[in-house]
Amino acid sequence: MPDVIILYDLDSTRPGRATSPMTWRARYALNYKGIPYKTEWLEYPDIEPLCRKIGAPPTGKKADGSGHYTVPMIYDPSTGKIISDSLAIAKYLDETYPSTPQLFQPGTGALQAACADVILPAVVLPTLFILLSRIADTLNPRSSAYFRATREEQFGKLEDMNTPKAWEDLEKGWGQVKSYLDVNGEGKNLSFLGESDKFTWCDIQLASTLIWTRTIAGKDSEDWKRIAGFYDSFGERLLAQFERYSVVDE
């Protein structure tokens, strides 16, 4: 049996392999806390069978009422627990490893709720629309076919989602994020607590959105340069704070 946490992630063809923004949230949480772990890589069609095999709970329901299984999930050998969903993983890590930096600090509950309900949708959804077709191209063949089939059933032709309206919404969304963080004052507007080395779950979610964008679009792509450059390179500067935690175990 393993002696460190196992993080289950979606494999890809990109360098470093990690692309999923949801799994980056769990990965950032583990890296920020300094908790040892190793990654096991999965393909989309293998997620549900594995979850059922190891007893990982579903994270939602399909249209037919059956369980919907997703990554990330972790297995913690120190407790024998299997946790699904990035939010549940982050809360579990805070509770189980209280001596590590906490992501849900006392008094930040309202902030975290507002972030989930208002701030994140403003940037995550338009980013998804812009990247959809390229996400399929970064996956291994089995996952790519699965992703394209399921997402086109949900959204229609993936290439048609990357529209001027999506770009307009994305720039507006990042402007909204910046306006909230600017309340902290000059020099303190790149994190919700106003510190460059102390983060909340909200910060990790924003960083995960950015590294997902950079990885899928390509670090040297014009699209990433455009997004990272919004509002005096706000996104690029925000993500730079997380570079030390943007590592993938070998």
# chains A, B, ... in the order shown; residues from 1 in each chain; ligands from 1
>>> select_by_dssp(residues="stretch 206-235 of chain A", states="alpha helix (DSSP H)", output="NGL selection string")
:A and (206-217 or 222-228 or 230-235)
>>> select_by_dssp(residues="stretch 59-174 of chain A", states="strand (DSSP E or B)", output="list in words")
Gly60, Lys61, Gly67, His68, Met73, Ile74, Tyr75, Asp76, Lys81, Ile82, Ile83 and Ser84 of chain A
>>> closest_residue(among="A:Tyr92, A:Tyr75, A:Phe192, A:Trp212", to="A:Leu128", atoms="only C-alpha atoms")
A:Trp212
>>> closest_residue(among="A:Ala29, A:Met161, A:Leu131, A:Ala149", to="A:Ala217", atoms="only C-alpha atoms")
A:Leu131
